[in-house]
Structures are given as structure tokens and as C-alpha cells.
Amino acid sequence: MPDPMRPIREPSVAGAFYPESRDELIDLVDGLLEQAECKLEPDRELKALVCPHAALQYSGRVAAEAFSCLKERQVSTVVLVGPDHYIGFEGVAVYPAGAFRTPLGDVWVDEELASLFLEAGAGVRAAPEAHAREHAIEVQLPFLQRVLPRAHIVPVLMGFRSRSNVEVLANVLSRALDNPQVVLVASTDLSHYHPRDVASRLDSRIAELVRAFAPTSLWEELRSGKVEACGGDPLVSVMLGAGIAGAEASRVLRYGDSGDGSGNHQSVVGYLSAALYRGMPPQDAKFHAYAHELEPEEVETLLQMATAGAGTAPDAPFPVLEFRHRTDFLRAPGRAFVTLRNGGELRGCVGYVDAARPLWETVVRAARAAAHFDDRFPPVEPEEIPEITVEISILTEPRPVRKPEEVTPGRHGVIVTEGRRRGLLLPQAAIEFGWTREEFLDAACRKAGLPAGAWRSGARIEVFEAQIFQGEPGPSPLNGS
């Protein structure tokens with residue numbers, strides 16, 4: 001007898017998006033998987049995949065590249081996150097129990113993990129009815145059944161676009177990844193019904209942002225209409241959730257469009273597959289900002305990235321560039337300040353002391369903020385960029401000191417904190433102004449809006465060290481010169 005508490009969701013698009021015959025479906029999926037090459041090394045800890053969800057005759061080769069990464073991995077549950085195409089609803093709809101059926105059999109829901117999603121509240125609810133017609137998750141299942149026949153699933157659909165939904169779901173997705181045998185899948189197609197050259201231009205930008213692991217920038221550009229993806233919210237949520245759970249890098253596996261299957265290149269849909277993984281170097285002594293001596297190529301790359309950031313308008317797309325020398329150290333989380341000068345005059349100085357992003361991205365963001373958002377100066381004008389000198393300071397992790405005598409001007413930068421007031425000075429400031437230790441600490445207090453000498457009466461003192469290097473004035477790599 002059917003169990004109403006564990007319903008079977010019957011196939012919705014069998015015979016349309018993929019063959020209805022079991023044997024034909026096996027032949028098709030196995031053939032696609034045999035052509036795919038897993039482009040992710042076995043020692044990378046896979047956190048998430050990005051897959052298209054069109055009919056397999058159009059998007060199957062792109063999807064197979066993603067699912068091939070699951071071969072021989074210890075994965076017990078796959079959380080499938082897709083968009084709603086049919087009914088429209090607020091919030092996030094979870095299929096809480098039962099199974100999804102395909103011609104290859106039933107794929108059962110991981111009910112325990114599904115309950116974790118339902119505990120999130122804030123619009124996340126059990127809504128199996130929302131899944132009845134939806135194909136975005138169903139078309140992933142034949143691949144999953146051939147690669148991981150014993151795996152369970154948690155089907156999740158996102159309704160109307162909402163930043164709060166994205167953030168809520170990202171947090172619960174990150175919690176799902178506490179189990180190392182869980183992998184996320186973002187189900188999305190890209191641009192729709194443009195000529196191939198237009199689609200390729202739009203989709204290449206999404207590929208850049210995925211490759212650069214820049215979900216916030218992706219969200220901003222999706223919302224502004226600069227790029228297109230019918231599963232944009234699922235993609236951003238999965239990237240954010242995977243990042244919270246420790247994914248540190250992304251690899252684009254394959255791109256294609258519907259014209260590859262139909263032969264029609266005048267109106268195509270774009271498809272992308274990618275893998276999000278943990279595999280960057282640990283934050284140990286080997287990659288300590290002061291212990292690691294930057295290679296000339298790394299210095300060159302960071303200077304180019306800083307110049308790109310400074311030369312980008314504040315409302316323009318985040319400059320995600322492809323550089324040959326994006327090394328493990330540049331991909332590891334890092335702290336940095338960027339100082340801009342024109343003819344020796346300071347034009348901006350902004351940075352980040354929390355290692356929240358890869359070092360290369362920290363530098364780009366700091367440079368753009370220094371050019372446009374340092375309230376002490378007017379924004380840098382585009383015509384100034386060829387005259388701007390960029391100085392980058394790569395910081396060690398700040399550490400508290402017990403005695404002011406532990407501060408060495410010229411070697412240490414300082415952070416003085418009291419309550420909500422905080423003042424930071426880079427090591428080079430003491431050299432530039434010839435300050436003594438006491439003068440250096442007094443200056444940091446004044447920068448925090450505290451009385452000079454507050455460091456003597458209980459304000460917290462932290463120190464850090466820095467590698468400092470400069471670039472000569474020159475053109476931005478964004479302007480093509």
C-alpha cells in the first residue's frame with residue numbers, strides 16, 4: 001500500500017527531457033558519462049557542483065562533466081537546489097520525505113537532513129506540491145542514479161527572487177556540509193534565446209564569476225540584469241553555502257549551448273558545469289604572510305589586480321580577471337591594504353585585516369575602495385589612473401601585545417581599540433613621519449578618535465607585520481592599453 005507519509009513523486013518529464021525507456025536512458029547517460037573526464041583531482045574535497053537542467057539532448061554533455069566528479073567518492077546524500085519554473089511562490093520549498101521516481105528506479109529523500117532545512121524557518125517549508133511538475137531537479141537524477149546508485153537526495157526549490165531567501169538557504173546549506181558525505185548541486189541554465197555570440201558574451205561573465213568564486217558579485221550582476229541565469233538564486237546560495245563550509249576554489253568544467261544539440265545558433269540557451277571544492281593550502285606557517293616570500297610573478301599579479309580594481313568604476317562589474325600566476329598563496333585567505341598616490345600625494349588607503357576572502361580578491365576590493373570610498377579624498381578620476389602609484393601591504397594576522405615596549409616602529413603596524421573605536425596604522429607610517437614608539441601609538445589613538453595616550457590607560461594594542469611593494473604608474477589592464 002502507498003505510504004502517504006512517504007509519497008512517491010512520479011516522473012514529470014520522462015519522454016520529453018530524457019528517454020522514457022529504462023534501457024534507452026541507461027545507454028544515453030552512460031554514453032555521456034563515458035565521454036566526460038573528471039577534471040577534479042581526487043585530493044580535492046568536493047563541496048558542490050553546478051549543472052544545467054535542460055533536456056539531455058541539449059545539456060547532457062555539460063551535465064555529465066559535473067557528475068563524473070562524483071565517481072568513486074564517498075557521498076551519501078546530494079542536496080539538489082533548483083529554481084521554480086511553473087507555479088511561483090514565496091520562500092523555499094523542500095520535498096521532505098518519500099522518493100523521486102525515474103525509469104531507473106526510486107531515489108529516496110534523506111529525511112533527517114531534510115528536517116534540518118525545515119528547522120531553518122524564515123520561509124523554508126515542506127511543500128512537495130511545488131515539485132510536482134518541476135524538471136530542474138528531476139533531470140539530474142538519471143546521472144546521479146548511474147554514478148551513485150545508493151545516494152539519497154534532499155530536493156529544494158527556490159521561489160521568487162529574494163536576497164533573504166538566498167542568505168537563509170546559504171546558511172542551512174553550509175550546515176548540511178558539516179557531513180563530509182554530503183554534496184550540493186546548483187541546478188541552473190544560463191542565458192536564454194539569444195544568438196550564440198550574445199549568449200557566449202553574457203555567459204562568459206558568469207563563468208568568470210564562478211571561476212573566481214565571487215557569489216556576491218554574481219548576485220549583484222544577476223539582480224542588475226547584466227547577466228542571466230534561470231537558476232541564479234540557487235547558484236548564488238550554493239556558492240555562498242559551500243564557501244561558508246570551507247570551499248575555497250571553483251573550477252569551470254564545461255560550457256556549451258543548446259545549439260550544440262539542435263544546430264540552431266540564432267536562439268540558444270547557455271549551459272555551464274563547475275565544481276566547488278576545498279583544496280587551497282592551509283593557513284599554516286608555510287603560507288604565513290610574512291614567512292612566505294612573494295615570487296616576482298605573484299607581486300606582478302597583485303599589482304595588476306590592484307591597478308584593475310582602482311581603475312574600475314564603483315558601479316561597474318567587479319573586475320574578475322584571469323591571470324597566469326594565481327598561485328596557492330594568492331588563492332589562500334589573506335589580509336591586505338592598498339595605498340594609492342598621485343605624484344607623491346595620498347589619494348586613498350583602504351584595507352582588510354580579516355582573512356575573509358582569497359588574497360587576490362582582497363587586494364582588488366581594497367584597491368577599488370581606496371579609489372572611490374576613502375572619505376578623506378575625492379574619488380580617483382579615470383584620467384588619473386595612468387599616474388597612480390599602487391602600494392600593497394600584505395599583513396600578518398594581528399596579535400595582542402601585553403606591553404607597549406613590544407611595539408617596534410618600522411617593523412610593526414599597530415591597531416589600537418577601545419570600545420567601538422579602532423585606529424590602524426601601517427608599519428611604513430612610522431618610517432614616513434619618523435615617529436618614536438610613543439608618537440606612533442599616539443597617532444593610532446587619534447586615528448581611532450581617542451585621546452592621545454589612550455594606549456597608556458587600557459586601550460587594546462595589537463601589532464602586525466607586512467610585506468610592502470609598489471608598482472610604477474602605468475595603464476590599467478582593464479582599459480586595453
# chains A, B, ... in the order shown; residues from 1 in each chain; ligands from 1
>>> closest_atom_pairs(of="range 220-310 of chain A", to="range 155-178 of chain A", cutoff="12 Å", atoms="only C-alpha atoms", output="CSV")
residue,atom,partner,partner_atom,distance
A:Glu220,CA,A:Arg163,CA,10.1
A:Leu222,CA,A:Arg161,CA,10.4
A:Arg223,CA,A:Arg161,CA,8.9
A:Ala229,CA,A:Arg161,CA,11.9
A:Cys230,CA,A:Arg161,CA,10.5
A:Gly231,CA,A:Met158,CA,8.7
A:Gly232,CA,A:Arg161,CA,8.9
A:Asp233,CA,A:Val166,CA,6.3
A:Pro234,CA,A:Met158,CA,6.8
A:Leu235,CA,A:Val166,CA,9.4
A:Val236,CA,A:Val166,CA,7.1
A:Ser237,CA,A:Ala170,CA,4.7
A:Val238,CA,A:Ala170,CA,6.2
A:Met239,CA,A:Ala170,CA,7.9
A:Leu240,CA,A:Ala170,CA,5.6
A:Gly241,CA,A:Ala170,CA,4.2
A:Ala242,CA,A:Ser174,CA,5.9
A:Gly243,CA,A:Ser174,CA,7.8
A:Ile244,CA,A:Ser174,CA,5.8
A:Ala245,CA,A:Ser174,CA,5.0
A:Gly246,CA,A:Ser174,CA,8.7
A:Ala247,CA,A:Ser174,CA,10.0
A:Tyr277,CA,A:Leu177,CA,11.7
A:Arg278,CA,A:Leu177,CA,11.9
>>> atom_distance(atom1="CA of Val94 in chain A", atom2="CA of Leu209 in chain A")
27.6 Å
>>> residues_around(residues="Val299 in chain A", least_positions_apart="6", cutoff="10 Å", atoms="only C-alpha atoms", output="list in words")
Met305, His325, Leu330, Ile392, Ile468, Phe469, Gln470 and Gly471 of chain A
>>> residues_around(residues="range 51-64 of chain A", least_positions_apart="4", cutoff="9 Å", atoms="only C-alpha atoms", output="PyMOL selection string")
chain A and resi 13+16-19+28-29+32-37+68-69+82+135-140+143+185-190+231+253-262+269-274
>>> write_last_selection(atoms="N, CA and C atoms", output="short mmCIF file (atom, residue, chain, number, x, y, z; two decimals), in the first residue's frame")
data_model
loop_
_atom_site.label_atom_id
_atom_site.label_comp_id
_atom_site.auth_asym_id
_atom_site.auth_seq_id
_atom_site.Cartn_x
_atom_site.Cartn_y
_atom_site.Cartn_z
N VAL A 13 8.91 14.65 -16.61
CA VAL A 13 9.42 14.97 -17.94
C VAL A 13 10.09 13.78 -18.62
N ALA A 16 10.28 13.40 -22.49
CA ALA A 16 10.42 14.74 -23.05
C ALA A 16 11.85 15.26 -22.86
N PHE A 17 12.29 15.32 -21.62
CA PHE A 17 13.64 15.80 -21.33
C PHE A 17 14.67 14.67 -21.38
N TYR A 18 14.21 13.45 -21.27
CA TYR A 18 15.10 12.28 -21.35
C TYR A 18 14.24 11.07 -21.73
N PRO A 19 14.86 9.99 -22.19
CA PRO A 19 14.08 8.84 -22.66
C PRO A 19 13.22 8.22 -21.57
N LEU A 28 21.97 6.28 -22.97
CA LEU A 28 22.26 7.70 -23.16
C LEU A 28 23.15 8.24 -22.05
N VAL A 29 22.77 8.00 -20.79
CA VAL A 29 23.51 8.57 -19.67
C VAL A 29 24.90 7.96 -19.56
N LEU A 32 27.14 9.45 -22.18
CA LEU A 32 27.59 10.80 -21.84
C LEU A 32 28.67 10.78 -20.76
N LEU A 33 28.49 9.92 -19.76
CA LEU A 33 29.48 9.83 -18.69
C LEU A 33 30.81 9.27 -19.19
N GLU A 34 30.74 8.34 -20.15
CA GLU A 34 31.98 7.78 -20.70
C GLU A 34 32.78 8.84 -21.46
N GLN A 35 32.10 9.79 -22.08
CA GLN A 35 32.80 10.86 -22.79
C GLN A 35 33.36 11.91 -21.86
N ALA A 36 32.81 11.99 -20.65
CA ALA A 36 33.24 13.02 -19.69
C ALA A 36 34.55 12.62 -19.02
N GLU A 37 35.32 13.60 -18.69
CA GLU A 37 36.56 13.38 -17.95
C GLU A 37 36.48 14.19 -16.66
N SER A 68 30.52 13.38 -13.39
CA SER A 68 31.69 12.49 -13.42
C SER A 68 32.61 12.73 -12.23
N CYS A 69 32.51 13.94 -11.64
CA CYS A 69 33.35 14.25 -10.46
C CYS A 69 32.90 13.46 -9.23
N GLY A 82 17.25 23.89 -6.98
CA GLY A 82 16.86 24.38 -8.30
C GLY A 82 15.85 25.50 -8.21
N HIS A 135 11.09 20.32 -13.47
CA HIS A 135 12.10 19.46 -14.10
C HIS A 135 13.52 19.73 -13.63
N ALA A 136 13.76 20.86 -12.95
CA ALA A 136 15.13 21.29 -12.65
C ALA A 136 15.89 20.28 -11.81
N ILE A 137 15.18 19.58 -10.94
CA ILE A 137 15.81 18.55 -10.11
C ILE A 137 15.69 17.18 -10.77
N GLU A 138 14.56 16.92 -11.38
CA GLU A 138 14.33 15.59 -11.96
C GLU A 138 15.40 15.21 -12.98
N VAL A 139 15.82 16.17 -13.82
CA VAL A 139 16.76 15.81 -14.89
C VAL A 139 18.16 15.49 -14.36
N GLN A 140 18.46 15.84 -13.11
CA GLN A 140 19.75 15.49 -12.52
C GLN A 140 19.79 14.02 -12.10
N PHE A 143 21.66 10.88 -13.96
CA PHE A 143 23.11 10.90 -13.78
C PHE A 143 23.48 10.41 -12.39
N VAL A 185 24.27 20.46 -5.19
CA VAL A 185 24.19 20.67 -6.64
C VAL A 185 23.30 21.89 -6.90
N ALA A 186 23.85 22.88 -7.60
CA ALA A 186 23.06 24.03 -8.05
C ALA A 186 22.60 23.74 -9.47
N SER A 187 21.28 23.71 -9.66
CA SER A 187 20.70 23.40 -10.96
C SER A 187 20.33 24.71 -11.65
N THR A 188 21.04 25.02 -12.75
CA THR A 188 20.77 26.28 -13.44
C THR A 188 21.16 26.21 -14.90
N ASP A 189 20.36 26.83 -15.75
CA ASP A 189 20.79 27.17 -17.09
C ASP A 189 21.17 28.65 -17.08
N LEU A 190 21.82 29.10 -18.15
CA LEU A 190 22.30 30.48 -18.19
C LEU A 190 21.40 31.32 -19.10
N GLY A 231 18.48 29.78 -12.88
CA GLY A 231 18.74 29.27 -11.54
C GLY A 231 19.77 30.11 -10.81
N LEU A 253 34.03 23.39 -15.52
CA LEU A 253 34.30 22.11 -16.16
C LEU A 253 33.98 22.11 -17.64
N ARG A 254 32.87 22.71 -18.00
CA ARG A 254 32.48 22.72 -19.41
C ARG A 254 31.42 23.80 -19.63
N TYR A 255 31.45 24.39 -20.82
CA TYR A 255 30.41 25.33 -21.24
C TYR A 255 29.89 24.88 -22.61
N GLY A 256 28.62 25.06 -22.82
CA GLY A 256 28.02 24.77 -24.11
C GLY A 256 26.70 25.49 -24.23
N ASP A 257 26.02 25.31 -25.36
CA ASP A 257 24.69 25.87 -25.51
C ASP A 257 23.82 24.92 -26.29
N SER A 258 22.53 25.23 -26.37
CA SER A 258 21.58 24.32 -26.99
C SER A 258 21.83 24.12 -28.47
N GLY A 259 22.55 25.06 -29.08
CA GLY A 259 22.86 24.91 -30.49
C GLY A 259 23.74 23.71 -30.78
N ASP A 260 24.49 23.25 -29.77
CA ASP A 260 25.31 22.06 -29.96
C ASP A 260 24.46 20.84 -30.26
N GLY A 261 23.23 20.83 -29.72
CA GLY A 261 22.34 19.69 -29.96
C GLY A 261 21.33 19.93 -31.05
N SER A 262 20.91 21.19 -31.19
CA SER A 262 19.84 21.49 -32.15
C SER A 262 20.35 21.94 -33.50
N VAL A 269 20.24 28.52 -25.57
CA VAL A 269 20.27 28.57 -24.10
C VAL A 269 21.66 28.12 -23.67
N GLY A 270 22.27 28.85 -22.74
CA GLY A 270 23.62 28.54 -22.30
C GLY A 270 23.65 27.58 -21.13
N TYR A 271 24.70 26.73 -21.10
CA TYR A 271 24.85 25.72 -20.05
C TYR A 271 26.28 25.76 -19.50
N LEU A 272 26.39 25.57 -18.19
CA LEU A 272 27.68 25.59 -17.52
C LEU A 272 27.72 24.49 -16.48
N SER A 273 28.85 23.81 -16.37
CA SER A 273 29.07 22.91 -15.23
C SER A 273 30.35 23.33 -14.52
N ALA A 274 30.36 23.17 -13.21
CA ALA A 274 31.51 23.61 -12.41
C ALA A 274 31.57 22.79 -11.13
#
>>> select_by_dssp(residues="range 55-104 of chain A", states="strand (DSSP E)", output="list in words")
Thr77, Val78, Val79, Leu80, Val81, Gly82, Pro83, Val92, Ala93, Val94, Ala99, Phe100, Arg101 and Thr102 of chain A
>>> atom_distance(atom1="CA of Val124 in chain A", atom2="CA of Trp108 in chain A")
20.2 Å
>>> atom_distance(atom1="CA of Ala99 in chain A", atom2="CA of Ile8 in chain A")
4.9 Å
>>> residues_around(residues="Phe337 in chain A", least_positions_apart="3", cutoff="12 Å", atoms="only C-alpha atoms", output="PyMOL selection string")
chain A and resi 302+306+334+340+348-355+359-370+390-396+413+424-428+465-470
>>> write_last_selection(atoms="C-alpha atoms", output="mmCIF file, in the first residue's frame")
data_model
loop_
_atom_site.group_PDB
_atom_site.id
_atom_site.type_symbol
_atom_site.label_atom_id
_atom_site.label_comp_id
_atom_site.auth_asym_id
_atom_site.auth_seq_id
_atom_site.Cartn_x
_atom_site.Cartn_y
_atom_site.Cartn_z
ATOM 1 C CA LEU A 302 48.833 41.577 -7.287
ATOM 2 C CA ALA A 306 45.211 46.369 -7.651
ATOM 3 C CA GLY A 334 44.629 36.940 3.095
ATOM 4 C CA LEU A 340 47.154 54.950 -3.887
ATOM 5 C CA GLY A 348 43.345 56.720 -0.818
ATOM 6 C CA CYS A 349 44.236 53.905 1.538
ATOM 7 C CA VAL A 350 41.830 51.084 2.432
ATOM 8 C CA GLY A 351 42.322 47.510 3.536
ATOM 9 C CA TYR A 352 41.036 44.479 5.382
ATOM 10 C CA VAL A 353 42.570 42.870 8.474
ATOM 11 C CA ASP A 354 40.215 39.876 8.419
ATOM 12 C CA ALA A 355 41.165 36.994 6.128
ATOM 13 C CA LEU A 359 44.249 37.356 -1.056
ATOM 14 C CA TRP A 360 43.885 38.327 -4.723
ATOM 15 C CA GLU A 361 40.234 39.336 -4.185
ATOM 16 C CA THR A 362 41.086 41.226 -1.000
ATOM 17 C CA VAL A 363 43.618 43.284 -2.962
ATOM 18 C CA VAL A 364 41.199 44.052 -5.806
ATOM 19 C CA ARG A 365 38.442 45.094 -3.404
ATOM 20 C CA ALA A 366 40.802 47.199 -1.295
ATOM 21 C CA ALA A 367 42.097 48.991 -4.380
ATOM 22 C CA ARG A 368 38.620 49.830 -5.641
ATOM 23 C CA ALA A 369 37.587 51.021 -2.171
ATOM 24 C CA ALA A 370 40.740 53.143 -1.888
ATOM 25 C CA VAL A 390 49.953 51.487 -6.167
ATOM 26 C CA GLU A 391 51.421 50.273 -2.882
ATOM 27 C CA ILE A 392 50.270 46.927 -1.465
ATOM 28 C CA SER A 393 50.807 45.793 2.117
ATOM 29 C CA ILE A 394 50.267 42.076 2.778
ATOM 30 C CA LEU A 395 49.582 41.710 6.501
ATOM 31 C CA THR A 396 50.178 39.016 9.049
ATOM 32 C CA GLY A 413 51.855 48.107 12.237
ATOM 33 C CA LEU A 424 45.110 51.268 12.441
ATOM 34 C CA LEU A 425 48.448 52.449 11.111
ATOM 35 C CA LEU A 426 50.647 50.533 8.700
ATOM 36 C CA PRO A 427 54.333 49.957 9.547
ATOM 37 C CA GLN A 428 55.505 52.422 6.896
ATOM 38 C CA GLU A 465 53.895 42.872 10.189
ATOM 39 C CA ALA A 466 53.703 43.417 6.464
ATOM 40 C CA GLN A 467 55.325 42.748 3.149
ATOM 41 C CA ILE A 468 55.206 46.017 1.208
ATOM 42 C CA PHE A 469 55.752 46.555 -2.505
ATOM 43 C CA GLN A 470 54.948 49.241 -5.045
#
>>> closest_residue(among="A:Ala212, A:Ala430, A:Ala132, A:Val147", to="Ser250 in chain A", atoms="only C-alpha atoms")
A:Ala212
